[in-house]
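Visitor: File name entry.csv; file contents CSV, C-alpha atoms and all ligand atoms; full text below.
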```csv
chain,number,residue,atom,x,y,z
A,2,MET,CA,6.5,-22.5,8.5
A,3,THR,CA,3.3,-21.1,10.0
A,4,PRO,CA,3.8,-17.9,12.0
A,5,GLY,CA,2.6,-17.7,15.6
A,6,ALA,CA,-1.1,-17.8,16.3
A,7,GLU,CA,-1.0,-14.3,17.9
A,8,GLU,CA,0.6,-12.8,14.8
A,9,VAL,CA,-1.8,-14.5,12.4
A,10,ARG,CA,-4.7,-13.2,14.5
A,11,ARG,CA,-3.3,-9.7,14.4
A,12,PHE,CA,-2.8,-9.8,10.7
A,13,ALA,CA,-6.3,-11.4,10.1
A,14,ASP,CA,-7.9,-8.5,12.1
A,15,ASP,CA,-6.1,-5.9,10.0
A,16,LEU,CA,-7.1,-7.7,6.8
A,17,ASP,CA,-10.7,-8.1,7.9
A,18,ALA,CA,-10.9,-4.3,7.9
A,19,LEU,CA,-9.9,-4.1,4.2
A,20,LEU,CA,-11.3,-7.2,2.6
A,21,ALA,CA,-14.5,-9.5,2.6
A,22,PRO,CA,-13.8,-12.8,4.3
A,23,ASP,CA,-14.3,-14.9,1.1
A,24,ALA,CA,-12.4,-12.6,-1.3
A,25,ARG,CA,-9.3,-13.8,-3.2
A,26,LEU,CA,-6.3,-11.7,-2.5
A,27,GLY,CA,-3.2,-11.2,-4.6
A,28,LEU,CA,0.2,-10.8,-2.8
A,29,ALA,CA,3.0,-8.8,-4.3
A,30,VAL,CA,6.1,-10.7,-3.1
A,31,SER,CA,9.6,-9.5,-4.0
A,32,GLY,CA,11.3,-12.1,-1.9
A,33,GLY,CA,12.6,-9.5,0.6
A,34,PRO,CA,11.8,-10.0,4.3
A,35,ASP,CA,8.8,-7.7,4.4
A,36,SER,CA,6.9,-9.3,1.6
A,37,LEU,CA,7.9,-12.8,2.7
A,38,ALA,CA,6.3,-12.0,6.0
A,39,LEU,CA,3.2,-10.8,4.1
A,40,LEU,CA,3.1,-14.2,2.3
A,41,LEU,CA,3.5,-16.3,5.4
A,42,LEU,CA,0.9,-14.3,7.4
A,43,ALA,CA,-1.7,-14.1,4.6
A,44,ALA,CA,-1.3,-17.8,3.7
A,45,ALA,CA,-2.0,-18.6,7.4
A,46,ALA,CA,-4.8,-16.1,7.9
A,47,ARG,CA,-6.7,-16.8,4.6
A,48,PRO,CA,-5.8,-20.4,3.6
A,49,GLY,CA,-6.8,-21.2,0.0
A,50,LEU,CA,-7.7,-17.6,-0.7
A,51,VAL,CA,-4.3,-16.1,-1.6
A,52,GLU,CA,-2.1,-16.1,-4.7
A,53,ALA,CA,1.3,-14.5,-5.0
A,54,ALA,CA,3.3,-12.9,-7.8
A,55,THR,CA,6.9,-11.8,-8.2
A,56,VAL,CA,7.9,-9.3,-10.7
A,57,ASP,CA,11.2,-10.0,-12.4
A,58,HIS,CA,12.3,-6.5,-13.5
A,59,GLY,CA,15.2,-8.0,-15.4
A,60,LEU,CA,17.5,-5.2,-14.2
A,61,ARG,CA,19.8,-7.3,-11.9
A,62,ALA,CA,21.6,-10.5,-12.8
A,63,GLU,CA,20.1,-12.3,-9.7
A,64,SER,CA,16.5,-11.3,-10.3
A,65,ALA,CA,15.3,-14.4,-12.2
A,66,ALA,CA,16.8,-16.7,-9.5
A,67,GLU,CA,15.2,-14.6,-6.7
A,68,ALA,CA,11.8,-14.8,-8.4
A,69,GLN,CA,12.3,-18.6,-8.7
A,70,SER,CA,13.1,-18.9,-5.0
A,71,VAL,CA,9.8,-17.2,-4.1
A,72,ALA,CA,8.0,-19.6,-6.5
A,73,ASP,CA,9.7,-22.6,-4.7
A,74,LEU,CA,8.6,-21.3,-1.3
A,75,CYS,CA,5.0,-20.7,-2.5
A,76,ARG,CA,4.9,-24.3,-3.9
A,77,SER,CA,6.0,-25.6,-0.6
A,78,ILE,CA,3.2,-23.8,1.3
A,79,GLY,CA,0.5,-24.4,-1.3
A,80,VAL,CA,0.1,-20.9,-2.6
A,81,PRO,CA,-0.3,-20.4,-6.4
A,82,HIS,CA,2.5,-18.2,-7.7
A,83,SER,CA,3.3,-16.4,-10.9
A,84,ILE,CA,6.5,-14.8,-12.2
A,85,LEU,CA,5.8,-11.6,-14.1
A,86,THR,CA,8.6,-10.5,-16.3
A,87,ALA,CA,9.2,-6.9,-17.3
A,88,HIS,CA,10.3,-6.4,-20.9
A,89,TRP,CA,12.3,-3.3,-21.8
A,90,ASP,CA,12.9,-2.1,-25.4
A,91,GLU,CA,15.9,-0.4,-23.9
A,92,LYS,CA,17.0,-0.9,-20.3
A,93,PRO,CA,16.5,2.4,-18.4
A,94,ALA,CA,19.7,4.4,-17.6
A,95,THR,CA,18.0,7.1,-15.4
A,96,ALA,CA,15.0,7.1,-13.1
A,97,ILE,CA,15.3,3.3,-12.9
A,98,GLN,CA,13.4,3.0,-9.6
A,99,ALA,CA,10.4,5.0,-10.9
A,100,LEU,CA,10.3,3.2,-14.2
A,101,ALA,CA,10.7,-0.2,-12.5
A,102,ARG,CA,7.8,0.8,-10.1
A,103,ASP,CA,5.5,1.7,-13.0
A,104,ALA,CA,6.3,-1.5,-14.8
A,105,ARG,CA,5.7,-3.5,-11.6
A,106,TYR,CA,2.3,-2.0,-10.8
A,107,SER,CA,1.2,-2.4,-14.4
A,108,LEU,CA,2.2,-6.1,-14.5
A,109,LEU,CA,0.6,-6.8,-11.1
A,110,ILE,CA,-2.7,-5.1,-12.0
A,111,ASP,CA,-2.9,-7.1,-15.2
A,112,TRP,CA,-2.1,-10.3,-13.3
A,113,ALA,CA,-4.8,-9.5,-10.7
A,114,ARG,CA,-7.4,-8.9,-13.4
A,115,ASP,CA,-6.4,-12.1,-15.2
A,116,ARG,CA,-6.6,-14.2,-12.1
A,117,GLY,CA,-9.9,-12.6,-10.9
A,118,LEU,CA,-8.4,-11.4,-7.6
A,119,ALA,CA,-10.3,-8.8,-5.6
A,120,ALA,CA,-7.3,-6.8,-4.6
A,121,ILE,CA,-3.5,-6.8,-4.4
A,122,ALA,CA,-1.6,-6.4,-1.1
A,123,THR,CA,1.9,-5.0,-0.8
A,124,ALA,CA,4.1,-5.2,2.3
A,125,HIS,CA,4.6,-1.6,3.1
A,126,HIS,CA,5.0,-1.2,6.9
A,127,ALA,CA,5.3,1.4,9.6
A,128,ASP,CA,9.0,2.1,9.0
A,129,ASP,CA,8.3,2.6,5.3
A,130,GLN,CA,5.6,5.0,6.2
A,131,ALA,CA,7.9,6.9,8.6
A,132,GLU,CA,10.6,7.2,5.9
A,133,THR,CA,8.0,8.3,3.4
A,134,LEU,CA,6.8,11.0,5.7
A,135,LEU,CA,10.3,12.2,6.4
A,136,MET,CA,11.1,12.4,2.7
A,137,ARG,CA,7.9,14.3,2.0
A,138,LEU,CA,8.6,16.8,4.8
A,139,ALA,CA,12.0,17.4,3.3
A,140,ARG,CA,10.2,18.3,0.0
A,141,ALA,CA,7.7,20.7,1.7
A,142,ALA,CA,4.7,18.4,1.0
A,143,GLY,CA,1.2,19.5,1.9
A,144,VAL,CA,-1.5,17.5,3.6
A,145,GLY,CA,-2.0,15.1,0.6
A,146,GLY,CA,1.7,14.2,0.5
A,147,LEU,CA,2.0,13.9,4.2
A,148,ALA,CA,-0.9,11.4,4.2
A,149,GLY,CA,1.9,9.1,3.0
A,150,ILE,CA,1.4,5.5,1.9
A,151,ARG,CA,-2.4,5.0,1.9
A,152,ALA,CA,-3.8,1.8,3.5
A,153,ARG,CA,-6.0,1.5,0.5
A,154,ARG,CA,-6.1,3.0,-2.9
A,155,GLU,CA,-7.2,2.1,-6.4
A,156,GLN,CA,-5.3,1.9,-9.6
A,157,SER,CA,-6.9,1.0,-13.0
A,158,GLY,CA,-9.9,-0.4,-11.2
A,159,ILE,CA,-7.9,-2.7,-8.9
A,160,ALA,CA,-7.8,-2.1,-5.1
A,161,LEU,CA,-4.3,-1.9,-3.6
A,162,PHE,CA,-4.0,-2.7,0.1
A,163,ARG,CA,-1.3,-2.2,2.6
A,164,PRO,CA,-2.4,-4.4,5.5
A,165,LEU,CA,1.0,-4.1,7.3
A,166,LEU,CA,1.2,-0.4,7.9
A,167,ASP,CA,0.9,-0.9,11.7
A,168,TRP,CA,3.7,-3.5,11.8
A,169,ARG,CA,7.4,-2.6,12.4
A,170,ARG,CA,10.1,-3.8,10.1
A,171,ASP,CA,11.6,-5.9,13.0
A,172,GLU,CA,8.4,-7.6,13.7
A,173,LEU,CA,8.1,-8.7,10.1
A,174,ARG,CA,11.7,-9.9,10.1
A,175,ALA,CA,11.0,-12.0,13.2
A,176,VAL,CA,8.1,-13.7,11.4
A,177,VAL,CA,10.3,-14.7,8.5
A,178,GLU,CA,13.2,-15.7,10.7
A,179,SER,CA,11.1,-17.9,13.0
A,180,ALA,CA,9.7,-19.6,9.9
A,181,GLY,CA,13.3,-20.4,8.9
A,182,VAL,CA,13.0,-18.7,5.5
A,183,GLN,CA,16.0,-17.0,3.9
A,184,PRO,CA,15.0,-13.6,2.3
A,185,VAL,CA,16.4,-12.1,-0.8
A,186,ASP,CA,18.9,-9.3,-0.2
A,187,ASP,CA,18.4,-6.3,-2.6
A,188,PRO,CA,21.5,-4.1,-2.4
A,189,ALA,CA,19.4,-1.1,-3.6
A,190,ASN,CA,18.0,-1.0,-0.1
A,191,ARG,CA,21.4,0.1,1.2
A,192,ASP,CA,22.4,2.4,-1.6
A,193,PRO,CA,23.0,5.8,-0.1
A,194,ALA,CA,22.2,7.4,-3.4
A,195,HIS,CA,18.6,6.7,-2.7
A,196,GLU,CA,16.7,9.2,-0.6
A,197,ARG,CA,14.9,6.4,1.2
A,198,THR,CA,18.2,4.9,2.4
A,199,ARG,CA,19.1,8.2,3.9
A,200,ALA,CA,15.8,8.6,5.6
A,201,ARG,CA,16.2,5.0,7.0
A,202,GLN,CA,19.6,5.8,8.3
A,203,PHE,CA,18.3,9.0,9.9
A,204,LEU,CA,15.5,7.0,11.7
A,205,ALA,CA,17.8,4.2,12.7
A,206,GLY,CA,19.6,6.4,15.2
A,207,GLY,CA,17.4,5.5,18.2
A,208,GLU,CA,14.0,5.8,19.8
A,209,TRP,CA,13.4,9.4,18.6
A,210,PRO,CA,11.5,10.1,16.4
A,211,ASN,CA,9.6,6.9,16.9
A,212,PRO,CA,8.5,5.5,13.5
A,213,ARG,CA,5.3,4.2,14.9
A,214,GLN,CA,4.3,7.7,16.0
A,215,LEU,CA,5.3,9.1,12.6
A,216,ALA,CA,3.1,6.5,10.9
A,217,ALA,CA,0.2,7.4,13.2
A,218,SER,CA,0.6,11.0,12.1
A,219,ALA,CA,0.4,9.9,8.5
A,220,ARG,CA,-2.9,8.2,9.4
A,221,HIS,CA,-4.3,11.4,10.9
A,222,LEU,CA,-3.2,13.4,7.9
A,223,ALA,CA,-4.8,10.8,5.6
A,224,ASP,CA,-8.1,11.3,7.4
A,225,ALA,CA,-7.7,15.1,7.0
A,226,GLU,CA,-6.9,14.7,3.3
A,227,ASP,CA,-10.1,12.6,2.8
A,228,ALA,CA,-12.1,15.3,4.6
A,229,LEU,CA,-10.6,18.1,2.6
A,230,ALA,CA,-11.2,16.2,-0.7
A,231,PHE,CA,-14.8,15.6,0.3
A,232,VAL,CA,-15.4,19.2,1.2
A,233,ALA,CA,-13.6,20.5,-1.9
A,234,GLU,CA,-15.7,18.3,-4.2
A,235,ALA,CA,-19.0,19.6,-2.6
A,236,LEU,CA,-17.8,23.2,-2.8
A,237,PHE,CA,-16.9,22.8,-6.4
A,238,GLU,CA,-20.4,21.6,-7.2
A,239,GLU,CA,-21.9,24.5,-5.2
A,240,ARG,CA,-19.6,27.4,-6.2
A,241,ALA,CA,-18.2,26.8,-9.7
A,242,SER,CA,-20.3,27.4,-12.8
A,243,ARG,CA,-19.6,27.6,-16.5
A,244,ALA,CA,-19.3,31.1,-17.8
A,245,GLY,CA,-18.9,31.3,-21.6
A,246,ASP,CA,-16.0,29.0,-22.5
A,247,GLY,CA,-14.6,29.3,-19.0
A,248,TRP,CA,-15.7,29.1,-15.4
A,249,SER,CA,-16.6,31.4,-12.6
A,250,ILE,CA,-16.0,30.4,-9.0
A,251,ASP,CA,-17.1,32.0,-5.8
A,252,ALA,CA,-13.8,31.3,-3.9
A,253,SER,CA,-12.5,34.7,-2.8
A,254,ARG,CA,-13.4,34.3,0.9
A,255,LEU,CA,-12.5,30.6,1.3
A,256,PRO,CA,-9.5,29.4,3.3
A,257,VAL,CA,-6.4,29.1,1.1
A,258,GLU,CA,-6.2,25.3,1.1
A,259,LEU,CA,-9.8,25.1,-0.2
A,260,GLN,CA,-8.9,27.7,-2.9
A,261,ARG,CA,-6.0,25.6,-3.9
A,262,ARG,CA,-8.2,22.5,-4.2
A,263,LEU,CA,-10.9,24.3,-6.2
A,264,LEU,CA,-8.3,25.5,-8.6
A,265,LEU,CA,-6.8,22.0,-9.0
A,266,ARG,CA,-10.3,20.7,-9.5
A,267,LEU,CA,-10.8,23.3,-12.2
A,268,PHE,CA,-7.6,22.2,-14.0
A,269,PHE,CA,-9.0,18.6,-13.9
A,270,GLU,CA,-12.3,19.9,-15.4
A,271,ALA,CA,-10.5,21.8,-18.1
A,272,GLY,CA,-8.5,18.7,-19.0
A,273,ASP,CA,-5.2,20.6,-18.3
A,274,VAL,CA,-2.2,19.2,-16.4
A,275,ALA,CA,-2.3,20.0,-12.7
A,276,PRO,CA,0.1,22.8,-12.0
A,277,ARG,CA,3.1,22.4,-9.6
A,278,GLY,CA,2.5,23.5,-6.0
A,279,PRO,CA,4.7,26.6,-6.1
A,280,ASP,CA,3.1,27.8,-9.4
A,281,LEU,CA,-0.4,27.2,-7.9
A,282,ASP,CA,0.5,29.2,-4.8
A,283,ARG,CA,1.8,32.1,-6.8
A,284,ALA,CA,-1.4,32.1,-8.8
A,285,ILE,CA,-3.5,32.1,-5.7
A,286,ALA,CA,-1.6,35.0,-4.2
A,287,SER,CA,-2.3,37.0,-7.4
A,288,LEU,CA,-6.0,36.1,-7.3
A,289,ARG,CA,-6.3,37.0,-3.6
A,290,ALA,CA,-4.8,40.4,-4.5
A,291,GLY,CA,-7.5,40.8,-7.2
A,292,LYS,CA,-5.0,40.4,-10.1
A,293,ARG,CA,-4.9,38.4,-13.3
A,294,CYS,CA,-2.4,35.7,-14.1
A,295,THR,CA,-1.8,32.8,-16.5
A,296,LEU,CA,-1.4,29.3,-15.2
A,297,GLY,CA,-1.1,26.3,-17.6
A,298,ARG,CA,-3.6,26.8,-20.3
A,299,LEU,CA,-5.9,29.0,-18.2
A,300,MET,CA,-6.1,32.7,-17.7
A,301,LEU,CA,-7.2,33.5,-14.2
A,302,THR,CA,-8.8,36.7,-12.9
A,303,GLY,CA,-9.2,37.6,-9.2
A,304,GLY,CA,-12.0,39.7,-7.6
A,305,GLU,CA,-15.3,38.9,-5.8
A,306,ARG,CA,-15.7,35.9,-8.1
A,307,TRP,CA,-12.7,34.3,-9.7
A,308,ARG,CA,-12.8,33.7,-13.4
A,309,ALA,CA,-10.9,31.1,-15.5
A,310,GLU,CA,-10.8,31.2,-19.2
A,311,PRO,CA,-8.7,29.3,-21.8
A,312,VAL,CA,-5.7,31.3,-22.8
A,313,PRO,CA,-6.4,32.7,-26.3
A,314,PRO,CA,-4.3,31.1,-29.0
A,315,ARG,CA,-1.2,33.1,-29.9
A,316,ARG,CA,-1.4,35.1,-33.1
A,317,THR,CA,1.3,34.2,-35.6
B,1,LIG,N1,9.8,-7.3,-7.6
B,1,LIG,C1,8.6,-7.3,-6.9
B,1,LIG,N2,7.7,-8.3,-7.1
B,1,LIG,C2,6.5,-8.2,-6.4
B,1,LIG,N3,6.3,-7.3,-5.5
B,1,LIG,C3,7.2,-6.4,-5.2
B,1,LIG,C4,8.4,-6.3,-5.9
B,1,LIG,N4,9.1,-5.2,-5.5
B,1,LIG,C5,8.3,-4.7,-4.5
B,1,LIG,N5,7.2,-5.3,-4.4
B,1,LIG,C6,6.0,-5.0,-3.4
B,1,LIG,O1,6.0,-3.7,-3.1
B,1,LIG,C7,6.3,-3.5,-1.8
B,1,LIG,C8,7.2,-2.2,-1.6
B,1,LIG,O2,8.4,-2.4,-2.2
B,1,LIG,P1,9.5,-1.3,-2.3
B,1,LIG,O3,9.5,-0.6,-0.9
B,1,LIG,O4,10.7,-1.9,-2.8
B,1,LIG,O5,8.8,-0.4,-3.3
B,1,LIG,P2,8.9,1.2,-3.4
B,1,LIG,O6,9.1,1.5,-4.8
B,1,LIG,O7,9.8,1.8,-2.4
B,1,LIG,O8,7.4,1.5,-2.9
B,1,LIG,P3,6.2,1.6,-3.9
B,1,LIG,O9,5.7,0.3,-4.3
B,1,LIG,O10,5.2,2.4,-3.1
B,1,LIG,O11,6.7,2.4,-5.0
B,1,LIG,C9,7.0,-4.7,-1.3
B,1,LIG,O12,6.9,-4.9,0.1
B,1,LIG,C10,6.3,-5.8,-2.1
B,1,LIG,O13,5.0,-6.1,-1.5
```
Please render this file's structure as structure tokens.

Guide:
Amino acid sequence: MTPGAEEVRRFADDLDALLAPDARLGLAVSGGPDSLALLLLAAAARPGLVEAATVDHGLRAESAAEAQSVADLCRSIGVPHSILTAHWDEKPATAIQALARDARYSLLIDWARDRGLAAIATAHHADDQAETLLMRLARAAGVGGLAGIRARREQSGIALFRPLLDWRRDELRAVVESAGVQPVDDPANRDPAHERTRARQFLAGGEWPNPRQLAASARHLADAEDALAFVAEALFEERASRAGDGWSIDASRLPVELQRRLLLRLFFEAGDVAPRGPDLDRAIASLRAGKRCTLGRLMLTGGERWRAEPVPPRRT
């Protein structure tokens, strides 16, 4: 059941860039072909150092049996495995995917903490990345959104890794097929009601646009996002100061993307919810024109230095 030596070496190199050689890694394995490939590759690349978990969302009749089939496979290859069961007071009727996702990450993070794992790896790959990019372009995302699925991020103090972002879906399927393992089939992956299914169908047409190139673009944009976040943080320290119960920022001559980020940083500082992109852009246009506007719980005033003050409470 071990994948080819070449594939294991390629995976091990990708993983080495993310994780210390003796660290214990958790694998999020749904039982679909992508995460089964992750399981087989990781078990071969880091023998004795991986554990797997399958979340049973309890939303499809087959899910318990599917989780059990992953448990059986893990036992046969000597990988410790846990089934994590989601409990619902009331089964969701809308936004099912988003709620299932939140429940999944929360269970996986608790599991990793309980098991003392250094990180969790998921099986997102280059085709997932290309689909994500396309969906975000369709929603007019900025640099942060177009950075796509990040190779590494942190949630509640646990590192989340995506070591397969350079792999194509077909390459992963081939790993599973040549191991003779039968993956779980989730019909949600073919449901045209899901935007991701439509993006997948769009990209399935042929060689253009090439998903690998789209995924490479996401990587460049992730680098740009990190650079912008770094600069914005330094600028905030340098240019923002407390003024009474508000703030004063020297932002009027900065490029608009940095103005946007400084304002967002200010909302974070003020403990207010981050405004939506279009609202933020409207506020920046007012400030650049030297005007005053209200955004969330802040009153903003343009000019040489921008000012932000809490909106005074309404008189009754
Ligand atoms: N039920 C599950 N149990 C364990 N891991 C899972 C489960 N479902 C998904 N995963 C992990 O998450 C990865 C991505 O899955 P999928 O593409 O279905 O999720 P998504 O909701 O589209 O993406 P995201 O996790 O970024 O929200 C899988 O390859 C697998 O590693």

Visitor: Give me, please, the distance in Å between atom C8 of ligand LIG 1 (chain B) and atom CA of Ala29 of chain A, quoted to one decimal.

Guide: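 So the answer is 8.3 Å.
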
Visitor: Please identify all polymer residues within 12 Å of Gln260 of chain A, counting all atoms listed in the file, omitting same-chain residues fewer than 4 positions from it, and present them as a PDB file with C-alpha atoms, in the coordinates of the input.

Guide:
```
ATOM      1  CA  LEU A 229     -10.600  18.100   2.600  1.00  0.00           C
ATOM      2  CA  ALA A 230     -11.200  16.200  -0.700  1.00  0.00           C
ATOM      3  CA  VAL A 232     -15.400  19.200   1.200  1.00  0.00           C
ATOM      4  CA  ALA A 233     -13.600  20.500  -1.900  1.00  0.00           C
ATOM      5  CA  GLU A 234     -15.700  18.300  -4.200  1.00  0.00           C
ATOM      6  CA  LEU A 236     -17.800  23.200  -2.800  1.00  0.00           C
ATOM      7  CA  PHE A 237     -16.900  22.800  -6.400  1.00  0.00           C
ATOM      8  CA  ARG A 240     -19.600  27.400  -6.200  1.00  0.00           C
ATOM      9  CA  ALA A 241     -18.200  26.800  -9.700  1.00  0.00           C
ATOM     10  CA  ILE A 250     -16.000  30.400  -9.000  1.00  0.00           C
ATOM     11  CA  ASP A 251     -17.100  32.000  -5.800  1.00  0.00           C
ATOM     12  CA  ALA A 252     -13.800  31.300  -3.900  1.00  0.00           C
ATOM     13  CA  SER A 253     -12.500  34.700  -2.800  1.00  0.00           C
ATOM     14  CA  ARG A 254     -13.400  34.300   0.900  1.00  0.00           C
ATOM     15  CA  LEU A 255     -12.500  30.600   1.300  1.00  0.00           C
ATOM     16  CA  PRO A 256      -9.500  29.400   3.300  1.00  0.00           C
ATOM     17  CA  LEU A 264      -8.300  25.500  -8.600  1.00  0.00           C
ATOM     18  CA  LEU A 265      -6.800  22.000  -9.000  1.00  0.00           C
ATOM     19  CA  ARG A 266     -10.300  20.700  -9.500  1.00  0.00           C
ATOM     20  CA  LEU A 267     -10.800  23.300 -12.200  1.00  0.00           C
ATOM     21  CA  LEU A 281      -0.400  27.200  -7.900  1.00  0.00           C
ATOM     22  CA  ASP A 282       0.500  29.200  -4.800  1.00  0.00           C
ATOM     23  CA  ALA A 284      -1.400  32.100  -8.800  1.00  0.00           C
ATOM     24  CA  ILE A 285      -3.500  32.100  -5.700  1.00  0.00           C
ATOM     25  CA  ALA A 286      -1.600  35.000  -4.200  1.00  0.00           C
ATOM     26  CA  LEU A 288      -6.000  36.100  -7.300  1.00  0.00           C
ATOM     27  CA  ARG A 289      -6.300  37.000  -3.600  1.00  0.00           C
ATOM     28  CA  GLY A 303      -9.200  37.600  -9.200  1.00  0.00           C
ATOM     29  CA  ARG A 306     -15.700  35.900  -8.100  1.00  0.00           C
ATOM     30  CA  TRP A 307     -12.700  34.300  -9.700  1.00  0.00           C
TER      31      TRP A 307
END
```

Visitor: Which residue is closest to ligand LIG 1 (chain B)? Choose from A:Val176, A:Ala124, A:Leu37, A:Ala96 and count all atoms listed in the file.

Guide: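 Ranking A:Val176, A:Ala124, A:Leu37, A:Ala96 by distance to ligand LIG 1 (chain B), first place goes to A:Ala124.
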
Visitor: Which chains and residue numbers are within 6 Å of ligand LIG 1 (chain B), counting only C-alpha atoms and all ligand atoms, if I want them as a list of chain:residue names?

Guide: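 Answer in the requested format: A:Ala29, A:Val30, A:Ser31, A:Asp35, A:Ser36, A:Ala54, A:Thr55, A:Val56, A:Asp57, A:Arg102, A:Thr123, A:Ala124, A:His125.
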
Visitor: One decimal, in Å: what's the spacing between atom CA of Asp128 of chain A and atom CA of Ala205 of chain A?

Guide: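 Calculated distance between atom CA of Asp128 of chain A and atom CA of Ala205 of chain A is 9.8 Å.
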
Visitor: One decimal, in Å: what's the spacing between atom CA of Trp248 of chain A and atom CA of Ala275 of chain A?

Guide: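 Here the two named atoms are 16.4 Å from each other.
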
Visitor: Please list, as a PyMOL selection string, the residues that have an atom at most 12 Å away from (13.9, -9.2, 10.8) in the coordinates of this file, counting only C-alpha atoms.

Guide: chain A and resi 33-38+168-184

Visitor: For a quick check of understanding, using only C-alpha atoms, which of A:Gly245, A:Leu26, A:Glu310, A:Gln98 has the smallest distance to Asn190 of chain A?

Guide: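 Of A:Gly245, A:Leu26, A:Glu310, A:Gln98, the one nearest Asn190 of chain A is A:Gln98, counting only C-alpha atoms.
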
Visitor: For Leu118 of chain A, list every protein, DNA or RNA residue within 7 Å, evaluated using only C-alpha atoms, and leave out those in the same chain fewer than 5 positions away; present the list as a PyMOL selection string.

Guide: chain A and resi 25-27+113

Visitor: Excluding same-chain residues fewer than 5 positions from Gly59 of chain A, what lies within 9 Å of it counting all atoms listed in the file, as a ChimeraX atom specification?

Guide: /A:64-65,86-89,92

Visitor: Taking all atoms listed in the file into account, name the residue in A:Arg308, A:Arg47, A:Arg277, A:Arg261 that is nearest to Gly291 of chain A.

Guide: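 Looking at the shortest contact to Gly291 of chain A, the residue is A:Arg308.
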
Visitor: Check the smallest atom-to-atom distance from each of A:Ala45, A:Ala200, A:Leu299, A:Leu147 to Ser218 of chain A using only C-alpha atoms, then report the winner.

Guide: A:Leu147

Visitor: Determine, counting all atoms listed in the file, which protein, DNA and RNA residues have an atom within 12 Å of an atom of Pro210 of chain A; residues of the same chain fewer than 6 positions away are not included. Present the result as a list in words.

Guide: Asp128, Ala131, Glu132, Leu134, Leu135, Ala200, Arg201, Phe203, Leu204, Ala216 and Ser218 of chain A

Visitor: Deliver the residues from the most recent selection as a file, using C-alpha atoms, as a short mmCIF file (atom, residue, chain, number, x, y, z; two decimals), in the coordinates of the input.

Guide:
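Dumped to result01.cif:
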```
data_model
loop_
_atom_site.label_atom_id
_atom_site.label_comp_id
_atom_site.auth_asym_id
_atom_site.auth_seq_id
_atom_site.Cartn_x
_atom_site.Cartn_y
_atom_site.Cartn_z
CA ASP A 128 9.00 2.10 9.00
CA ALA A 131 7.90 6.90 8.60
CA GLU A 132 10.60 7.20 5.90
CA LEU A 134 6.80 11.00 5.70
CA LEU A 135 10.30 12.20 6.40
CA ALA A 200 15.80 8.60 5.60
CA ARG A 201 16.20 5.00 7.00
CA PHE A 203 18.30 9.00 9.90
CA LEU A 204 15.50 7.00 11.70
CA ALA A 216 3.10 6.50 10.90
CA SER A 218 0.60 11.00 12.10
#
```

Visitor: Could you give me, as a PyMOL selection string, the residues within 9 Å of Gln156 of chain A, counting all atoms listed in the file and dropping anything in the same chain fewer than 5 positions from it?

Guide: chain A and resi 106+110+161

Visitor: Go through A:Leu138, A:Ala101, A:Val71, A:Ala53 one by one, measure the shortest atom-to-atom distance of each to Ile121 of chain A using only C-alpha atoms, and give the residue with the smallest value.

Guide: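 Counting only C-alpha atoms, the residue closest to Ile121 of chain A is A:Ala53.
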
Visitor: Using all atoms listed in the file, which residue out of A:Leu60, A:Ala160, A:Ala141, A:Ala43 lies closest to Phe12 of chain A?

Guide: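 Using all atoms listed in the file, the shortest distance to Phe12 of chain A belongs to A:Ala43.
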
Visitor: Could you work out an axis-aligned box for segment 277-290 of chain A, taking every atom the file lists and adding 6 Å on each side, and report centre and edge lengths in Å to one decimal, as AutoDock Vina command-line options?

Guide:
```
--center_x -0.8 --center_y 31.4 --center_z -6.6 --size_x 23.0 --size_y 30.0 --size_z 18.0
```

Visitor: Complete the atoms of segment 36-44 of chain A to N, CA and C atoms and put them out as a PDB file, in the frame of the given file.

Guide:
```pdb
ATOM      1  N   SER A  36       7.939  -8.668   2.339  1.00  0.00           N
ATOM      2  CA  SER A  36       6.900  -9.300   1.600  1.00  0.00           C
ATOM      3  C   SER A  36       6.843 -10.831   1.816  1.00  0.00           C
ATOM      4  N   LEU A  37       7.957 -11.415   2.293  1.00  0.00           N
ATOM      5  CA  LEU A  37       7.900 -12.800   2.700  1.00  0.00           C
ATOM      6  C   LEU A  37       7.005 -12.973   3.927  1.00  0.00           C
ATOM      7  N   ALA A  38       7.110 -11.986   4.832  1.00  0.00           N
ATOM      8  CA  ALA A  38       6.300 -12.000   6.000  1.00  0.00           C
ATOM      9  C   ALA A  38       4.792 -11.883   5.611  1.00  0.00           C
ATOM     10  N   LEU A  39       4.541 -10.984   4.643  1.00  0.00           N
ATOM     11  CA  LEU A  39       3.200 -10.800   4.100  1.00  0.00           C
ATOM     12  C   LEU A  39       2.653 -12.170   3.610  1.00  0.00           C
ATOM     13  N   LEU A  40       3.507 -12.853   2.843  1.00  0.00           N
ATOM     14  CA  LEU A  40       3.100 -14.200   2.300  1.00  0.00           C
ATOM     15  C   LEU A  40       2.777 -15.160   3.368  1.00  0.00           C
ATOM     16  N   LEU A  41       3.662 -15.285   4.365  1.00  0.00           N
ATOM     17  CA  LEU A  41       3.500 -16.300   5.400  1.00  0.00           C
ATOM     18  C   LEU A  41       2.208 -15.971   6.244  1.00  0.00           C
ATOM     19  N   LEU A  42       2.045 -14.669   6.565  1.00  0.00           N
ATOM     20  CA  LEU A  42       0.900 -14.300   7.400  1.00  0.00           C
ATOM     21  C   LEU A  42      -0.415 -14.454   6.625  1.00  0.00           C
ATOM     22  N   ALA A  43      -0.419 -14.030   5.356  1.00  0.00           N
ATOM     23  CA  ALA A  43      -1.700 -14.100   4.600  1.00  0.00           C
ATOM     24  C   ALA A  43      -2.043 -15.548   4.291  1.00  0.00           C
ATOM     25  N   ALA A  44      -1.019 -16.383   3.993  1.00  0.00           N
ATOM     26  CA  ALA A  44      -1.300 -17.800   3.700  1.00  0.00           C
ATOM     27  C   ALA A  44      -1.912 -18.472   4.919  1.00  0.00           C
TER      28      ALA A  44
END
```
